[in-house]
Amino acid sequence: MANFEYDMGVIGGGAAGLTVTSGSAQLGAKTLLVEKEHTLGGDCLHFGCVPSKTLIKTAHVYHLMKNAGEFGLPQVDLPPVDFKSVANRIASVIGTIQEHDSEERFCGLGAKVVFGDARFTDAHTITLDGANYSAKNWVLATGSSAVIPPIKGLDKTPYITNREIFSLDHLPASLIILGGGPIGTEMSQAFTRLGTRVTLVDKGDQILHKEDRDMADAVKAVLEAEGVTFYLSTKIVGTRDLGSEREVFLEDANGKAFSITGETLLVALGRVANVDGLGLEDIGVEFDRRAIKVNNRLKTSRKHIYGAGDCIGGYQFTHAAGYEGGIVVSNAIFRLPRKTNYTNIPWCTYTDPELSSIGMNEKRAKESGIDFTVWTEQFKDNDRSLAEGERVGKIKMLLDKKEKPIGVQILGPHAGELISEWVAIFNGKVKLSTLVSSVHPYPTIGEINKKVAGTFFSPKIFSEKIQKGLKFFFHLKGRAC
């Protein structure tokens with residue numbers, strides 16, 4: 001039997017890698033964590049979730065200040081935004097969370113942390129800065145990076161990605177965003193609110209293409225009203241550096257060519273797995289440009305090497321990465337054959353209003369050939385929502401032919417928080433009747449969850465058949481007017 005230095009080796013110190021490292025070390029496995037950056041935390045902490053939500057909050061506050069009159073307050077003439085101050089606040093929040101994701105903390109848990117670029121020399125051994133490290137099991141949790149497509153002229157045109165946008169030294173006067181996914185959509189609203197003139201370009205005919213069109217179009221309408229310019233169904237032909245501005249050459253759906261200019265160019269056209277330099281091709285680990293290939297137990301083509309997080313594609317969310325890390329620990333440490341199940345994975349796009357989902361939306365249900373009905377409730381009919389000045393959005397509940405919920409989408413204030421009740425309902429297999437009979441505090445936005453379920457039950461409870469039965473048995477007298 002081979003003698004390896006470590007029980008578990010983890011490459012990548014993001015959400016998935018830290019989950020595996022923490023769990024393995026605390027269970028008594030001798031664990032090595034390798035991170036190529038100088039700090040732990042991964043893309044989410046430094047270039048993704050944390051800085052983006054911090055920026056979004058700052059932009060939201062500035063937007064409220066600019067629109068104080070809508071709340072019965074004196075209208076304020078605000079000075080321009082100093083983005084250096086915004087960037088400093090973002091850095092401060094990252095720094096506070098970084099203390100939790102520190103080398104010292106993981107060393108305290110029993111894991112050794114090393115920094116540098118790792119490369120496999122054989123299926124159990126990596127080399128790093130001249131030293132070799134061997135492990136019985138390895139986990140690839142290397143994350144992802146922005147896709148840089150082969151657009152003509154882009155290699156000669158200055159651009160930024162999510163890695164640079166949160167540390168700009170000034171607020172751009174104008175910003176062109178390539179890509180209408182969550183990153184592009186969130187950043188378009190945030191920078192527009194801060195005072196940047198934003199143009200978003202996407203080849204698809206809707207933003208947030210994985211979402212139902214009615215929900216995505218409602219988000220787009222809000223962003224347009226705030227000042228974002230959209231070019232959808234538009235092909236990106238090329239780019240050019242004009243010195244103080246960038247020019248993007250486009251072609252619309254009818255083949256008409258035109259161009260737009262902006263001070264800053266943000267590329268947000270998807271993600272690609274971080275696999276370069278690892279030597280995976282030399283040890284028989286299968287992967288392509290987008291992802292490392294894994295089975296439903298998160299094993300790669302080498303059964304002692306696992307994959308988790310963004311680098312395996314799929315649901316590229318921090319909470320999904322943490323879930324996958326737990327699957328790896330179950331399989332590699334406990335030796336329990338646990339499979340992934342993404343049925344009840346929730347997600348949220350943090351525009352204002354937010355758009356959150358769990359389970360199937362209409363688009364996915366139709367693709368799967370599932371018969372379903374849709375039940376909705378509008379936020380403009382929620383008392384707390386009106387009190388807070390929130391009138392846009394709705395909740396949408398999908399029921400299958402057995403009248404069981406198969407998906408919920410929420411477009412509205414605090415949608416990311418509201419979906420958590422449905423996470424408990426779906427995972428706990430709670431009946432809709434239980435939700436309807438529960439008592440929610442008034443006035444809260446959360447009442448909308450109970451209301452949409454009540455909308456489903458109302459026609460059944462207050463039907464003519466029920467009325468006739470009650471009149472017969474209890475001699476009810478019927479309508480008073």
# chains A, B, ... in the order shown; residues from 1 in each chain; ligands from 1
>>> residues_around(residues="segment 363-365 of chain A", least_positions_apart="5", cutoff="9 Å", atoms="only C-alpha atoms", output="VMD selection string")
chain A and resid 210 to 213 370 to 372 398 406 to 407
>>> closest_atom_pairs(of="segment 204-277 of chain A", to="segment 298-320 of chain A", cutoff="12 Å", atoms="only C-alpha atoms", output="JSON lines")
{"residue": "A:Lys210", "atom": "CA", "partner": "A:Tyr315", "partner_atom": "CA", "distance": 11.6}
{"residue": "A:Gly270", "atom": "CA", "partner": "A:Gln316", "partner_atom": "CA", "distance": 10.6}
{"residue": "A:Arg271", "atom": "CA", "partner": "A:Asp310", "partner_atom": "CA", "distance": 8.5}
{"residue": "A:Val272", "atom": "CA", "partner": "A:Cys311", "partner_atom": "CA", "distance": 7.5}
{"residue": "A:Ala273", "atom": "CA", "partner": "A:Cys311", "partner_atom": "CA", "distance": 4.4}
{"residue": "A:Asn274", "atom": "CA", "partner": "A:Cys311", "partner_atom": "CA", "distance": 6.2}
{"residue": "A:Val275", "atom": "CA", "partner": "A:Cys311", "partner_atom": "CA", "distance": 7.8}
{"residue": "A:Asp276", "atom": "CA", "partner": "A:Cys311", "partner_atom": "CA", "distance": 11.4}
>>> select_by_dssp(residues="segment 139-231 of chain A", states="alpha helix (DSSP H)", output="ChimeraX atom specification")
/A:182-194,213-226
>>> residues_around(residues="Ser357 of chain A", least_positions_apart="6", cutoff="7 Å", atoms="only C-alpha atoms", output="list in words")
Pro346, Trp347, Cys348, Val408, Gln409, Ile410 and Ile419 of chain A
>>> write_last_selection(atoms="C-alpha atoms", output="compact mmCIF listing (two decimals), in the first residue's frame")
# COMPACT_ATOMS: atom_id res chain seq x y z
CA PRO A 346 -31.77 28.32 -4.95
CA TRP A 347 -30.16 31.28 -6.69
CA CYS A 348 -30.55 35.02 -6.83
CA VAL A 408 -40.88 29.33 -7.34
CA GLN A 409 -39.52 32.55 -8.80
CA ILE A 410 -39.64 35.86 -6.96
CA ILE A 419 -36.84 32.42 -1.29
>>> residues_around(residues="Gly227 of chain A", least_positions_apart="5", cutoff="8 Å", atoms="only C-alpha atoms", output="number ranges by chain")
A: 192, 197-198
>>> write_last_selection(atoms="N, CA and C atoms", output="short mmCIF file (atom, residue, chain, number, x, y, z; two decimals), in the first residue's frame")
data_model
loop_
_atom_site.label_atom_id
_atom_site.label_comp_id
_atom_site.auth_asym_id
_atom_site.auth_seq_id
_atom_site.Cartn_x
_atom_site.Cartn_y
_atom_site.Cartn_z
N THR A 192 -24.95 52.64 -13.14
CA THR A 192 -25.90 53.66 -13.57
C THR A 192 -26.36 54.50 -12.38
N ARG A 197 -22.82 56.46 -17.38
CA ARG A 197 -23.70 56.16 -18.52
C ARG A 197 -23.37 54.74 -19.01
N VAL A 198 -24.32 53.83 -18.87
CA VAL A 198 -24.06 52.40 -19.11
C VAL A 198 -24.80 51.90 -20.34
#
>>> closest_residue(among="A:Ile345, A:Thr455, A:Val86, A:Gly108", to="Val61 of chain A", atoms="only C-alpha atoms")
A:Val86
>>> closest_atom_pairs(of="segment 27-49 of chain A", to="segment 163-168 of chain A", cutoff="9 Å", atoms="only C-alpha atoms", output="CSV")
residue,atom,partner,partner_atom,distance
A:Asp43,CA,A:Arg163,CA,8.3
A:His46,CA,A:Arg163,CA,7.9
A:Phe47,CA,A:Arg163,CA,5.1
A:Gly48,CA,A:Arg163,CA,7.9
>>> residues_around(residues="His170 of chain A", least_positions_apart="5", cutoff="12 Å", atoms="only C-alpha atoms", output="JSON, numbers by chain")
{"A": [80, 81, 82, 83, 84, 85, 86, 87, 88, 164, 165, 191, 194, 195, 196, 263, 264]}
>>> write_last_selection(atoms="N, CA and C atoms", output="mmCIF file, in the first residue's frame")
data_model
loop_
_atom_site.group_PDB
_atom_site.id
_atom_site.type_symbol
_atom_site.label_atom_id
_atom_site.label_comp_id
_atom_site.auth_asym_id
_atom_site.auth_seq_id
_atom_site.Cartn_x
_atom_site.Cartn_y
_atom_site.Cartn_z
ATOM 1 N N PRO A 80 -21.031 64.490 -6.958
ATOM 2 C CA PRO A 80 -20.672 63.257 -7.666
ATOM 3 C C PRO A 80 -20.030 62.235 -6.730
ATOM 4 N N VAL A 81 -20.089 60.990 -7.136
ATOM 5 C CA VAL A 81 -19.514 59.894 -6.350
ATOM 6 C C VAL A 81 -18.000 59.879 -6.493
ATOM 7 N N ASP A 82 -17.296 59.735 -5.373
ATOM 8 C CA ASP A 82 -15.850 59.507 -5.362
ATOM 9 C C ASP A 82 -15.644 58.002 -5.283
ATOM 10 N N PHE A 83 -15.327 57.380 -6.409
ATOM 11 C CA PHE A 83 -15.267 55.917 -6.426
ATOM 12 C C PHE A 83 -14.119 55.374 -5.584
ATOM 13 N N LYS A 84 -13.096 56.175 -5.328
ATOM 14 C CA LYS A 84 -12.021 55.713 -4.448
ATOM 15 C C LYS A 84 -12.564 55.403 -3.063
ATOM 16 N N SER A 85 -13.486 56.238 -2.586
ATOM 17 C CA SER A 85 -14.103 55.993 -1.281
ATOM 18 C C SER A 85 -14.960 54.737 -1.318
ATOM 19 N N VAL A 86 -15.668 54.540 -2.426
ATOM 20 C CA VAL A 86 -16.479 53.333 -2.589
ATOM 21 C C VAL A 86 -15.581 52.099 -2.593
ATOM 22 N N ALA A 87 -14.478 52.176 -3.343
ATOM 23 C CA ALA A 87 -13.543 51.051 -3.420
ATOM 24 C C ALA A 87 -12.914 50.766 -2.057
ATOM 25 N N ASN A 88 -12.669 51.818 -1.289
ATOM 26 C CA ASN A 88 -12.092 51.623 0.051
ATOM 27 C C ASN A 88 -13.070 50.893 0.961
ATOM 28 N N GLU A 164 -11.181 43.498 -11.842
ATOM 29 C CA GLU A 164 -10.728 44.885 -11.749
ATOM 30 C C GLU A 164 -11.833 45.888 -11.416
ATOM 31 N N ILE A 165 -13.087 45.534 -11.640
ATOM 32 C CA ILE A 165 -14.149 46.540 -11.594
ATOM 33 C C ILE A 165 -14.389 47.116 -10.197
ATOM 34 N N PHE A 191 -23.673 50.785 -11.517
ATOM 35 C CA PHE A 191 -22.898 51.918 -12.040
ATOM 36 C C PHE A 191 -23.805 53.019 -12.586
ATOM 37 N N LEU A 194 -24.766 55.090 -9.704
ATOM 38 C CA LEU A 194 -23.666 55.917 -9.203
ATOM 39 C C LEU A 194 -23.372 57.100 -10.117
ATOM 40 N N GLY A 195 -23.919 57.077 -11.341
ATOM 41 C CA GLY A 195 -23.748 58.212 -12.237
ATOM 42 C C GLY A 195 -23.052 57.926 -13.543
ATOM 43 N N THR A 196 -22.735 56.668 -13.820
ATOM 44 C CA THR A 196 -22.092 56.283 -15.080
ATOM 45 C C THR A 196 -23.146 56.050 -16.165
ATOM 46 N N GLU A 263 -15.915 54.982 -22.110
ATOM 47 C CA GLU A 263 -14.612 55.132 -21.454
ATOM 48 C C GLU A 263 -14.044 53.792 -21.010
ATOM 49 N N THR A 264 -14.898 52.929 -20.448
ATOM 50 C CA THR A 264 -14.448 51.649 -19.898
ATOM 51 C C THR A 264 -15.238 50.516 -20.522
#
>>> residues_around(residues="segment 420-437 of chain A", least_positions_apart="5", cutoff="7 Å", atoms="only C-alpha atoms", output="PyMOL selection string")
chain A and resi 344+450+453-454
>>> atom_distance(atom1="atom CA of Gln98 of chain A", atom2="atom CA of Leu18 of chain A")
12.4 Å
>>> select_by_dssp(residues="segment 279-366 of chain A", states="strand (DSSP E or B)", output="ChimeraX atom specification")
/A:287,292,299,305-307,347-349,354-359
>>> atom_distance(atom1="atom CA of Gly14 of chain A", atom2="atom CA of Pro337 of chain A")
24.2 Å
>>> residues_around(residues="Ala415 of chain A", least_positions_apart="2", cutoff="8 Å", atoms="only C-alpha atoms", output="MDAnalysis selection string")
chainID A and resid 348 353:356 410:413 417:419
>>> write_last_selection(atoms="N, CA and C atoms", output="PDB file, in the first residue's frame")
ATOM      1  N   CYS A 348     -30.015  33.672  -6.839  1.00  0.00           N
ATOM      2  CA  CYS A 348     -30.554  35.024  -6.833  1.00  0.00           C
ATOM      3  C   CYS A 348     -29.666  35.951  -7.643  1.00  0.00           C
ATOM      4  N   PRO A 353     -35.409  45.497  -8.254  1.00  0.00           N
ATOM      5  CA  PRO A 353     -35.635  44.416  -7.308  1.00  0.00           C
ATOM      6  C   PRO A 353     -34.824  43.158  -7.632  1.00  0.00           C
ATOM      7  N   GLU A 354     -34.636  42.335  -6.593  1.00  0.00           N
ATOM      8  CA  GLU A 354     -33.906  41.085  -6.764  1.00  0.00           C
ATOM      9  C   GLU A 354     -34.772  40.055  -7.487  1.00  0.00           C
ATOM     10  N   LEU A 355     -34.090  39.102  -8.119  1.00  0.00           N
ATOM     11  CA  LEU A 355     -34.778  38.005  -8.807  1.00  0.00           C
ATOM     12  C   LEU A 355     -34.210  36.691  -8.293  1.00  0.00           C
ATOM     13  N   SER A 356     -35.030  35.941  -7.545  1.00  0.00           N
ATOM     14  CA  SER A 356     -34.567  34.681  -6.969  1.00  0.00           C
ATOM     15  C   SER A 356     -35.401  33.515  -7.480  1.00  0.00           C
ATOM     16  N   ILE A 410     -39.212  34.628  -7.621  1.00  0.00           N
ATOM     17  CA  ILE A 410     -39.645  35.856  -6.955  1.00  0.00           C
ATOM     18  C   ILE A 410     -38.870  37.031  -7.531  1.00  0.00           C
ATOM     19  N   LEU A 411     -39.579  37.989  -8.081  1.00  0.00           N
ATOM     20  CA  LEU A 411     -38.994  39.255  -8.506  1.00  0.00           C
ATOM     21  C   LEU A 411     -39.596  40.326  -7.624  1.00  0.00           C
ATOM     22  N   GLY A 412     -38.774  40.845  -6.708  1.00  0.00           N
ATOM     23  CA  GLY A 412     -39.301  41.841  -5.801  1.00  0.00           C
ATOM     24  C   GLY A 412     -38.317  42.182  -4.711  1.00  0.00           C
ATOM     25  N   PRO A 413     -38.704  43.059  -3.786  1.00  0.00           N
ATOM     26  CA  PRO A 413     -37.807  43.460  -2.712  1.00  0.00           C
ATOM     27  C   PRO A 413     -37.431  42.276  -1.816  1.00  0.00           C
ATOM     28  N   GLU A 417     -34.009  36.844   0.272  1.00  0.00           N
ATOM     29  CA  GLU A 417     -34.393  36.418   1.615  1.00  0.00           C
ATOM     30  C   GLU A 417     -35.720  35.644   1.559  1.00  0.00           C
ATOM     31  N   LEU A 418     -36.663  36.119   0.752  1.00  0.00           N
ATOM     32  CA  LEU A 418     -37.975  35.482   0.677  1.00  0.00           C
ATOM     33  C   LEU A 418     -37.894  34.052   0.169  1.00  0.00           C
ATOM     34  N   ILE A 419     -36.929  33.774  -0.720  1.00  0.00           N
ATOM     35  CA  ILE A 419     -36.838  32.424  -1.292  1.00  0.00           C
ATOM     36  C   ILE A 419     -36.428  31.406  -0.238  1.00  0.00           C
TER      37      ILE A 419
END
>>> atom_distance(atom1="atom CA of Lys468 of chain A", atom2="atom CA of Asp400 of chain A")
29.0 Å
>>> closest_residue(among="A:Leu40, A:Ile283, A:Ile177, A:Val392", to="Asp217 of chain A", atoms="only C-alpha atoms")
A:Val392
>>> closest_residue(among="A:Gly279, A:Ser144, A:Ala25, A:Gly181", to="Thr127 of chain A", atoms="only C-alpha atoms")
A:Gly279
>>> closest_residue(among="A:Ala190, A:Leu386, A:Leu336, A:Ile183", to="Ala59 of chain A", atoms="only C-alpha atoms")
A:Ala190
>>> closest_residue(among="A:Thr185, A:Thr125, A:Thr373, A:Thr349", to="Lys401 of chain A", atoms="only C-alpha atoms")
A:Thr373
>>> decode(residues="segment 370-413 of chain A", atoms="N, CA and C atoms", output="PDB file, in the first residue's frame")
ATOM      1  N   ILE A 370     -43.023  18.807 -18.660  1.00  0.00           N
ATOM      2  CA  ILE A 370     -43.848  18.677 -17.462  1.00  0.00           C
ATOM      3  C   ILE A 370     -45.115  19.511 -17.599  1.00  0.00           C
ATOM      4  N   ASP A 371     -46.258  18.906 -17.269  1.00  0.00           N
ATOM      5  CA  ASP A 371     -47.515  19.651 -17.221  1.00  0.00           C
ATOM      6  C   ASP A 371     -47.542  20.445 -15.918  1.00  0.00           C
ATOM      7  N   PHE A 372     -47.862  21.727 -16.007  1.00  0.00           N
ATOM      8  CA  PHE A 372     -47.830  22.552 -14.797  1.00  0.00           C
ATOM      9  C   PHE A 372     -48.834  23.688 -14.918  1.00  0.00           C
ATOM     10  N   THR A 373     -49.155  24.256 -13.773  1.00  0.00           N
ATOM     11  CA  THR A 373     -49.970  25.467 -13.711  1.00  0.00           C
ATOM     12  C   THR A 373     -49.156  26.541 -12.998  1.00  0.00           C
ATOM     13  N   VAL A 374     -49.486  27.796 -13.281  1.00  0.00           N
ATOM     14  CA  VAL A 374     -48.751  28.927 -12.714  1.00  0.00           C
ATOM     15  C   VAL A 374     -49.687  29.771 -11.859  1.00  0.00           C
ATOM     16  N   TRP A 375     -49.203  30.110 -10.658  1.00  0.00           N
ATOM     17  CA  TRP A 375     -49.964  30.940  -9.735  1.00  0.00           C
ATOM     18  C   TRP A 375     -49.092  32.128  -9.338  1.00  0.00           C
ATOM     19  N   THR A 376     -49.666  33.326  -9.399  1.00  0.00           N
ATOM     20  CA  THR A 376     -48.866  34.530  -9.152  1.00  0.00           C
ATOM     21  C   THR A 376     -49.539  35.442  -8.133  1.00  0.00           C
ATOM     22  N   GLU A 377     -48.711  36.286  -7.561  1.00  0.00           N
ATOM     23  CA  GLU A 377     -49.180  37.331  -6.661  1.00  0.00           C
ATOM     24  C   GLU A 377     -48.282  38.544  -6.876  1.00  0.00           C
ATOM     25  N   GLN A 378     -48.849  39.719  -6.957  1.00  0.00           N
ATOM     26  CA  GLN A 378     -48.103  40.937  -7.264  1.00  0.00           C
ATOM     27  C   GLN A 378     -47.642  41.640  -5.983  1.00  0.00           C
ATOM     28  N   PHE A 379     -46.444  42.210  -6.026  1.00  0.00           N
ATOM     29  CA  PHE A 379     -45.939  42.952  -4.866  1.00  0.00           C
ATOM     30  C   PHE A 379     -46.710  44.256  -4.648  1.00  0.00           C
ATOM     31  N   LYS A 380     -47.321  44.781  -5.695  1.00  0.00           N
ATOM     32  CA  LYS A 380     -48.095  46.014  -5.535  1.00  0.00           C
ATOM     33  C   LYS A 380     -49.345  45.786  -4.688  1.00  0.00           C
ATOM     34  N   ASP A 381     -49.682  44.520  -4.444  1.00  0.00           N
ATOM     35  CA  ASP A 381     -50.827  44.184  -3.604  1.00  0.00           C
ATOM     36  C   ASP A 381     -50.398  43.786  -2.188  1.00  0.00           C
ATOM     37  N   ASN A 382     -49.124  43.947  -1.869  1.00  0.00           N
ATOM     38  CA  ASN A 382     -48.604  43.642  -0.539  1.00  0.00           C
ATOM     39  C   ASN A 382     -48.465  44.947   0.244  1.00  0.00           C
ATOM     40  N   ASP A 383     -49.079  45.033   1.399  1.00  0.00           N
ATOM     41  CA  ASP A 383     -49.133  46.292   2.145  1.00  0.00           C
ATOM     42  C   ASP A 383     -47.747  46.807   2.526  1.00  0.00           C
ATOM     43  N   ARG A 384     -46.873  45.942   2.992  1.00  0.00           N
ATOM     44  CA  ARG A 384     -45.536  46.384   3.396  1.00  0.00           C
ATOM     45  C   ARG A 384     -44.733  46.851   2.191  1.00  0.00           C
ATOM     46  N   SER A 385     -44.902  46.153   1.081  1.00  0.00           N
ATOM     47  CA  SER A 385     -44.217  46.546  -0.137  1.00  0.00           C
ATOM     48  C   SER A 385     -44.620  47.959  -0.551  1.00  0.00           C
ATOM     49  N   LEU A 386     -45.907  48.278  -0.447  1.00  0.00           N
ATOM     50  CA  LEU A 386     -46.394  49.618  -0.779  1.00  0.00           C
ATOM     51  C   LEU A 386     -45.822  50.652   0.187  1.00  0.00           C
ATOM     52  N   ALA A 387     -45.774  50.307   1.476  1.00  0.00           N
ATOM     53  CA  ALA A 387     -45.249  51.230   2.483  1.00  0.00           C
ATOM     54  C   ALA A 387     -43.790  51.567   2.221  1.00  0.00           C
ATOM     55  N   GLU A 388     -43.062  50.631   1.643  1.00  0.00           N
ATOM     56  CA  GLU A 388     -41.639  50.837   1.365  1.00  0.00           C
ATOM     57  C   GLU A 388     -41.397  51.400  -0.028  1.00  0.00           C
ATOM     58  N   GLY A 389     -42.467  51.692  -0.751  1.00  0.00           N
ATOM     59  CA  GLY A 389     -42.314  52.267  -2.077  1.00  0.00           C
ATOM     60  C   GLY A 389     -41.928  51.269  -3.142  1.00  0.00           C
ATOM     61  N   GLU A 390     -42.193  49.989  -2.882  1.00  0.00           N
ATOM     62  CA  GLU A 390     -41.843  48.924  -3.828  1.00  0.00           C
ATOM     63  C   GLU A 390     -43.111  48.444  -4.522  1.00  0.00           C
ATOM     64  N   ARG A 391     -43.230  48.699  -5.818  1.00  0.00           N
ATOM     65  CA  ARG A 391     -44.436  48.331  -6.539  1.00  0.00           C
ATOM     66  C   ARG A 391     -44.165  47.398  -7.719  1.00  0.00           C
ATOM     67  N   VAL A 392     -42.892  47.093  -7.961  1.00  0.00           N
ATOM     68  CA  VAL A 392     -42.532  46.271  -9.113  1.00  0.00           C
ATOM     69  C   VAL A 392     -42.297  44.831  -8.672  1.00  0.00           C
ATOM     70  N   GLY A 393     -42.803  43.895  -9.453  1.00  0.00           N
ATOM     71  CA  GLY A 393     -42.455  42.501  -9.232  1.00  0.00           C
ATOM     72  C   GLY A 393     -43.622  41.618  -8.841  1.00  0.00           C
ATOM     73  N   LYS A 394     -43.326  40.322  -8.799  1.00  0.00           N
ATOM     74  CA  LYS A 394     -44.338  39.325  -8.457  1.00  0.00           C
ATOM     75  C   LYS A 394     -43.659  38.045  -7.991  1.00  0.00           C
ATOM     76  N   ILE A 395     -44.443  37.202  -7.351  1.00  0.00           N
ATOM     77  CA  ILE A 395     -44.006  35.842  -7.045  1.00  0.00           C
ATOM     78  C   ILE A 395     -44.752  34.905  -7.980  1.00  0.00           C
ATOM     79  N   LYS A 396     -44.061  33.901  -8.453  1.00  0.00           N
ATOM     80  CA  LYS A 396     -44.645  32.952  -9.402  1.00  0.00           C
ATOM     81  C   LYS A 396     -44.405  31.541  -8.887  1.00  0.00           C
ATOM     82  N   MET A 397     -45.462  30.799  -8.653  1.00  0.00           N
ATOM     83  CA  MET A 397     -45.377  29.436  -8.136  1.00  0.00           C
ATOM     84  C   MET A 397     -45.848  28.455  -9.197  1.00  0.00           C
ATOM     85  N   LEU A 398     -45.051  27.424  -9.470  1.00  0.00           N
ATOM     86  CA  LEU A 398     -45.394  26.395 -10.447  1.00  0.00           C
ATOM     87  C   LEU A 398     -45.802  25.125  -9.714  1.00  0.00           C
ATOM     88  N   LEU A 399     -46.960  24.586 -10.085  1.00  0.00           N
ATOM     89  CA  LEU A 399     -47.437  23.327  -9.531  1.00  0.00           C
ATOM     90  C   LEU A 399     -47.542  22.288 -10.639  1.00  0.00           C
ATOM     91  N   ASP A 400     -47.169  21.044 -10.321  1.00  0.00           N
ATOM     92  CA  ASP A 400     -47.319  19.978 -11.313  1.00  0.00           C
ATOM     93  C   ASP A 400     -48.760  19.483 -11.314  1.00  0.00           C
ATOM     94  N   LYS A 401     -49.050  18.464 -12.103  1.00  0.00           N
ATOM     95  CA  LYS A 401     -50.438  18.002 -12.240  1.00  0.00           C
ATOM     96  C   LYS A 401     -50.979  17.377 -10.959  1.00  0.00           C
ATOM     97  N   LYS A 402     -50.083  17.034 -10.024  1.00  0.00           N
ATOM     98  CA  LYS A 402     -50.514  16.537  -8.717  1.00  0.00           C
ATOM     99  C   LYS A 402     -50.664  17.678  -7.719  1.00  0.00           C
ATOM    100  N   GLU A 403     -50.538  18.896  -8.221  1.00  0.00           N
ATOM    101  CA  GLU A 403     -50.658  20.115  -7.416  1.00  0.00           C
ATOM    102  C   GLU A 403     -49.577  20.208  -6.346  1.00  0.00           C
ATOM    103  N   LYS A 404     -48.398  19.727  -6.698  1.00  0.00           N
ATOM    104  CA  LYS A 404     -47.217  19.820  -5.846  1.00  0.00           C
ATOM    105  C   LYS A 404     -46.310  20.909  -6.400  1.00  0.00           C
ATOM    106  N   PRO A 405     -45.757  21.796  -5.538  1.00  0.00           N
ATOM    107  CA  PRO A 405     -44.872  22.848  -6.049  1.00  0.00           C
ATOM    108  C   PRO A 405     -43.582  22.279  -6.621  1.00  0.00           C
ATOM    109  N   ILE A 406     -43.245  22.710  -7.835  1.00  0.00           N
ATOM    110  CA  ILE A 406     -42.009  22.266  -8.480  1.00  0.00           C
ATOM    111  C   ILE A 406     -41.041  23.417  -8.716  1.00  0.00           C
ATOM    112  N   GLY A 407     -41.485  24.633  -8.432  1.00  0.00           N
ATOM    113  CA  GLY A 407     -40.591  25.776  -8.626  1.00  0.00           C
ATOM    114  C   GLY A 407     -41.247  27.069  -8.185  1.00  0.00           C
ATOM    115  N   VAL A 408     -40.414  28.001  -7.738  1.00  0.00           N
ATOM    116  CA  VAL A 408     -40.877  29.328  -7.342  1.00  0.00           C
ATOM    117  C   VAL A 408     -39.869  30.352  -7.834  1.00  0.00           C
ATOM    118  N   GLN A 409     -40.361  31.417  -8.425  1.00  0.00           N
ATOM    119  CA  GLN A 409     -39.517  32.553  -8.796  1.00  0.00           C
ATOM    120  C   GLN A 409     -40.095  33.799  -8.141  1.00  0.00           C
ATOM    121  N   ILE A 410     -39.212  34.628  -7.621  1.00  0.00           N
ATOM    122  CA  ILE A 410     -39.645  35.856  -6.955  1.00  0.00           C
ATOM    123  C   ILE A 410     -38.870  37.031  -7.531  1.00  0.00           C
ATOM    124  N   LEU A 411     -39.579  37.989  -8.081  1.00  0.00           N
ATOM    125  CA  LEU A 411     -38.994  39.255  -8.506  1.00  0.00           C
ATOM    126  C   LEU A 411     -39.596  40.326  -7.624  1.00  0.00           C
ATOM    127  N   GLY A 412     -38.774  40.845  -6.708  1.00  0.00           N
ATOM    128  CA  GLY A 412     -39.301  41.841  -5.801  1.00  0.00           C
ATOM    129  C   GLY A 412     -38.317  42.182  -4.711  1.00  0.00           C
ATOM    130  N   PRO A 413     -38.704  43.059  -3.786  1.00  0.00           N
ATOM    131  CA  PRO A 413     -37.807  43.460  -2.712  1.00  0.00           C
ATOM    132  C   PRO A 413     -37.431  42.276  -1.816  1.00  0.00           C
TER     133      PRO A 413
END
